[in-house]
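upload-v8.cif follows (mmCIF, C-alpha atoms; chains and numbers go by the auth columns):
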data_query
#
loop_
_atom_site.group_PDB
_atom_site.id
_atom_site.type_symbol
_atom_site.label_atom_id
_atom_site.label_comp_id
_atom_site.label_asym_id
_atom_site.label_seq_id
_atom_site.Cartn_x
_atom_site.Cartn_y
_atom_site.Cartn_z
_atom_site.B_iso_or_equiv
_atom_site.auth_seq_id
_atom_site.auth_asym_id
ATOM 1 C CA MET A 1 88.646 103.258 -77.470 0.00 21 A
ATOM 2 C CA ARG A 2 84.903 103.839 -77.106 0.00 22 A
ATOM 3 C CA VAL A 3 84.616 101.275 -74.328 0.00 23 A
ATOM 4 C CA ARG A 4 87.434 102.984 -72.424 0.00 24 A
ATOM 5 C CA THR A 5 85.654 106.333 -72.796 0.00 25 A
ATOM 6 C CA GLY A 6 82.647 104.926 -70.954 0.00 26 A
ATOM 7 C CA VAL A 7 84.547 102.867 -68.405 0.00 27 A
ATOM 8 C CA LEU A 8 86.951 105.575 -67.227 0.00 28 A
ATOM 9 C CA PRO A 9 84.282 107.933 -65.799 0.00 29 A
ATOM 10 C CA ALA A 10 82.507 104.975 -64.194 0.00 30 A
ATOM 11 C CA VAL A 11 85.697 103.847 -62.467 0.00 31 A
ATOM 12 C CA TRP A 12 86.430 107.384 -61.267 0.00 32 A
ATOM 13 C CA ALA A 13 82.849 107.573 -59.954 0.00 33 A
ATOM 14 C CA LEU A 14 83.509 104.406 -57.923 0.00 34 A
ATOM 15 C CA VAL A 15 86.695 105.907 -56.492 0.00 35 A
ATOM 16 C CA LEU A 16 85.001 109.173 -55.517 0.00 36 A
ATOM 17 C CA TRP A 17 81.919 107.466 -54.085 0.00 37 A
ATOM 18 C CA GLY A 18 84.113 105.125 -52.027 0.00 38 A
ATOM 19 C CA LEU A 19 86.116 108.062 -50.678 0.00 39 A
ATOM 20 C CA PHE A 20 82.933 109.939 -49.798 0.00 40 A
ATOM 21 C CA GLN A 21 81.278 106.992 -48.086 0.00 41 A
ATOM 22 C CA ALA A 22 84.368 105.993 -46.100 0.00 42 A
ATOM 23 C CA GLY A 23 85.017 109.598 -45.092 0.00 43 A
ATOM 24 C CA GLN A 24 81.432 110.053 -43.948 0.00 44 A
ATOM 25 C CA GLY A 25 81.662 106.905 -41.833 0.00 45 A
ATOM 26 C CA VAL A 26 84.911 108.044 -40.230 0.00 46 A
ATOM 27 C CA THR A 27 83.510 111.481 -39.351 0.00 47 A
ATOM 28 C CA SER A 28 80.477 109.777 -37.773 0.00 48 A
ATOM 29 C CA HIS A 29 82.790 107.974 -35.312 0.00 49 A
ATOM 30 C CA GLY A 30 82.378 104.699 -37.196 0.00 50 A
ATOM 31 C CA LEU A 31 85.795 103.445 -36.114 0.00 51 A
ATOM 32 C CA SER A 32 85.283 104.130 -32.405 0.00 52 A
ATOM 33 C CA GLY A 33 84.469 101.265 -30.065 0.00 53 A
ATOM 34 C CA GLU A 34 82.826 103.559 -27.517 0.00 54 A
ATOM 35 C CA ALA A 35 79.705 105.675 -27.890 0.00 55 A
ATOM 36 C CA GLU A 36 80.676 109.267 -28.658 0.00 56 A
ATOM 37 C CA CYS A 37 78.243 112.131 -28.911 0.00 57 A
ATOM 38 C CA SER A 38 79.283 114.616 -31.598 0.00 58 A
ATOM 39 C CA TRP A 39 77.165 117.478 -30.252 0.00 59 A
ATOM 40 C CA ILE A 40 75.758 117.808 -26.697 0.00 60 A
ATOM 41 C CA ASN A 41 75.885 114.884 -24.259 0.00 61 A
ATOM 42 C CA MET A 42 73.503 115.171 -21.282 0.00 62 A
ATOM 43 C CA GLY A 43 73.775 112.889 -18.293 0.00 63 A
ATOM 44 C CA PRO A 44 70.770 111.433 -16.428 0.00 64 A
ATOM 45 C CA ASP A 45 70.976 114.342 -13.981 0.00 65 A
ATOM 46 C CA GLY A 46 70.598 116.891 -16.818 0.00 66 A
ATOM 47 C CA GLU A 47 74.206 118.086 -16.641 0.00 67 A
ATOM 48 C CA GLU A 48 76.346 118.364 -19.746 0.00 68 A
ATOM 49 C CA ARG A 49 79.171 115.810 -19.959 0.00 69 A
ATOM 50 C CA SER A 50 82.186 115.083 -22.140 0.00 70 A
ATOM 51 C CA SER A 51 81.706 113.567 -25.597 0.00 71 A
ATOM 52 C CA LEU A 52 82.165 109.963 -24.348 0.00 72 A
ATOM 53 C CA MET A 53 78.779 108.557 -23.420 0.00 73 A
ATOM 54 C CA GLU A 54 77.862 106.217 -20.586 0.00 74 A
ATOM 55 C CA PRO A 55 74.683 104.147 -20.205 0.00 75 A
ATOM 56 C CA GLY A 56 71.816 106.472 -19.301 0.00 76 A
ATOM 57 C CA ASP A 57 73.210 109.496 -21.165 0.00 77 A
ATOM 58 C CA LEU A 58 71.243 111.309 -23.847 0.00 78 A
ATOM 59 C CA CYS A 59 72.937 112.683 -26.978 0.00 79 A
ATOM 60 C CA HIS A 60 71.469 115.729 -28.701 0.00 80 A
ATOM 61 C CA THR A 61 72.565 115.646 -32.365 0.00 81 A
ATOM 62 C CA ARG A 62 73.045 118.576 -34.725 0.00 82 A
ATOM 63 C CA ASP A 63 69.859 117.574 -36.547 0.00 83 A
ATOM 64 C CA GLY A 64 67.813 118.128 -33.407 0.00 84 A
ATOM 65 C CA ASP A 65 67.357 114.410 -32.677 0.00 85 A
ATOM 66 C CA GLU A 66 67.928 112.786 -29.317 0.00 86 A
ATOM 67 C CA ARG A 67 69.672 109.411 -29.014 0.00 87 A
ATOM 68 C CA THR A 68 70.167 107.167 -26.047 0.00 88 A
ATOM 69 C CA TYR A 69 73.440 105.374 -25.376 0.00 89 A
ATOM 70 C CA GLU A 70 72.254 102.214 -27.164 0.00 90 A
ATOM 71 C CA GLU A 71 70.915 104.153 -30.168 0.00 91 A
ATOM 72 C CA GLN A 72 74.199 106.044 -30.484 0.00 92 A
ATOM 73 C CA LEU A 73 76.182 102.786 -30.399 0.00 93 A
ATOM 74 C CA ALA A 74 73.925 101.322 -33.115 0.00 94 A
ATOM 75 C CA SER A 75 74.363 104.466 -35.220 0.00 95 A
ATOM 76 C CA GLN A 76 78.151 104.239 -34.898 0.00 96 A
ATOM 77 C CA ARG A 77 78.082 100.555 -35.903 0.00 97 A
ATOM 78 C CA GLU A 78 76.180 101.515 -39.065 0.00 98 A
ATOM 79 C CA ALA A 79 78.792 104.204 -39.727 0.00 99 A
ATOM 80 C CA GLY A 80 81.496 101.558 -39.279 0.00 100 A
ATOM 81 C CA GLU A 81 79.779 99.458 -41.945 0.00 101 A
ATOM 82 C CA ASP A 82 79.858 102.525 -44.217 0.00 102 A
ATOM 83 C CA VAL A 83 83.622 102.751 -43.704 0.00 103 A
ATOM 84 C CA VAL A 84 84.050 99.110 -44.727 0.00 104 A
ATOM 85 C CA THR A 85 81.750 99.440 -47.749 0.00 105 A
ATOM 86 C CA GLY A 86 83.406 102.677 -48.860 0.00 106 A
ATOM 87 C CA THR A 87 86.857 101.126 -48.552 0.00 107 A
ATOM 88 C CA TRP A 88 85.825 98.162 -50.717 0.00 108 A
ATOM 89 C CA VAL A 89 84.293 100.438 -53.368 0.00 109 A
ATOM 90 C CA LEU A 90 87.425 102.614 -53.314 0.00 110 A
ATOM 91 C CA GLY A 91 89.585 99.504 -53.742 0.00 111 A
ATOM 92 C CA VAL A 92 87.512 98.269 -56.689 0.00 112 A
ATOM 93 C CA GLY A 93 87.820 101.677 -58.333 0.00 113 A
ATOM 94 C CA ALA A 94 91.587 101.773 -57.767 0.00 114 A
ATOM 95 C CA VAL A 95 91.987 98.298 -59.270 0.00 115 A
ATOM 96 C CA GLY A 96 89.896 99.434 -62.232 0.00 116 A
ATOM 97 C CA LEU A 97 92.110 102.480 -62.770 0.00 117 A
ATOM 98 C CA ALA A 98 95.221 100.306 -62.575 0.00 118 A
ATOM 99 C CA GLY A 99 93.726 97.876 -65.089 0.00 119 A
ATOM 100 C CA LEU A 100 92.903 100.687 -67.501 0.00 120 A
ATOM 101 C CA SER A 101 96.437 102.033 -67.165 0.00 121 A
ATOM 102 C CA VAL A 102 97.979 98.622 -67.904 0.00 122 A
ATOM 103 C CA GLU A 103 95.626 98.126 -70.850 0.00 123 A
ATOM 104 C CA ARG A 104 96.635 101.496 -72.290 0.00 124 A
ATOM 105 C CA ARG A 105 100.360 100.743 -71.975 0.00 125 A
ATOM 106 C CA LEU A 106 99.929 97.335 -73.586 0.00 126 A
ATOM 107 C CA ARG A 107 97.962 98.842 -76.459 0.00 127 A
ATOM 108 C CA ARG A 108 100.733 101.402 -77.059 0.00 128 A
ATOM 109 C CA THR A 109 103.375 98.677 -76.965 0.00 129 A
ATOM 110 C CA ARG A 110 101.480 96.519 -79.465 0.00 130 A
ATOM 111 C CA ALA A 111 100.913 99.472 -81.802 0.00 131 A
ATOM 112 C CA ARG A 112 104.634 100.219 -81.854 0.00 132 A
ATOM 113 C CA GLY A 113 105.595 96.788 -83.131 0.00 133 A
ATOM 114 C CA PRO A 114 108.024 94.272 -81.681 0.00 134 A
ATOM 115 C CA TYR A 115 111.298 95.677 -83.092 0.00 135 A
ATOM 116 C CA GLU A 116 110.675 99.394 -83.288 0.00 136 A
ATOM 117 C CA ALA A 117 112.521 101.685 -80.920 0.00 137 A
ATOM 118 C CA ARG A 118 110.722 104.134 -78.733 0.00 138 A
ATOM 119 C CA ALA A 119 110.445 107.628 -80.125 0.00 139 A
ATOM 120 C CA ARG A 120 113.006 110.001 -78.642 0.00 140 A
ATOM 121 C CA ARG A 121 111.699 113.165 -77.136 0.00 141 A
ATOM 122 C CA SER A 122 113.543 116.441 -77.214 0.00 142 A
ATOM 123 C CA TRP A 123 114.311 118.081 -73.909 0.00 143 A
ATOM 124 C CA GLY A 124 113.482 121.589 -74.960 0.00 144 A
ATOM 125 C CA VAL A 125 113.059 123.913 -77.878 0.00 145 A
ATOM 126 C CA ARG A 126 116.603 123.435 -79.155 0.00 146 A
ATOM 127 C CA GLY A 127 116.792 119.766 -78.387 0.00 147 A
ATOM 128 C CA ARG A 128 119.520 118.154 -76.343 0.00 148 A
ATOM 129 C CA ARG A 129 122.712 120.026 -75.626 0.00 149 A
ATOM 130 C CA PRO A 130 125.968 118.466 -76.737 0.00 150 A
ATOM 131 C CA ARG A 131 128.020 116.988 -73.946 0.00 151 A
ATOM 132 C CA GLY A 132 131.455 118.224 -73.074 0.00 152 A
ATOM 133 C CA ARG A 133 132.887 121.717 -73.413 0.00 153 A
ATOM 134 C CA VAL A 134 130.972 124.179 -75.478 0.00 154 A
#
Write-out of the structure in structure tokens:
Amino acid sequence: MRVRTGVLPAVWALVLWGLFQAGQGVTSHGLSGEAECSWINMGPDGEERSSLMEPGDLCHTRDGDERTYEEQLASQREAGEDVVTGTWVLGVGAVGLAGLSVERRLRRTRARGPYEARARRSWGVRGRRPRGRV
């Protein structure tokens, strides 16, 4: 039981970290194959353009940085790697939770004994109602 007490929070931490990392990669356009500027995209002529970038465009980020087309593509590739890493970590955490659930059910089954019936649970304060006319 003590091992499970330490493993359960660790597995949940993996699940949450995986969700966070994958979500951050998705919001950074990590799944897009084209360069997308999430703030202000300026063309070579100094005019503001749509969010899709073309070679020669300059992206002004929310942090105050400026990125060229190539730098923005490289940043989105890194975000795509975050999506993959986060998905793997999330999967490992989910498998861990499933394993802990199976282990708990097996432990309960073994504690009950091979020929003992499951304990019946009442359906309310009074128990089960009799069937038929009352």
Counting all atoms listed in the file, what is within 12 Å of stretch 95-105 of chain A, bar same-chain residues fewer than 6 positions away, as a ChimeraX atom specification? /A:34-35,37-58,79,81,87-89,111-112
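The space between atom CA of A:Ser70 and atom CA of A:Ala94 spans 19.4 Å.
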Students should find that atom CA of A:Arg132 and atom CA of A:Leu28 are spaced 23.6 Å
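Each of A:Ser71, A:Asn61, A:Ser121, A:Gln92 was compared to A:Arg24 using only C-alpha atoms, and A:Ser121 turns out to be the nearest.
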In Å and to one decimal, atom CA of A:Gly66 is distant from atom CA of A:Asp85 by 16.4 Å
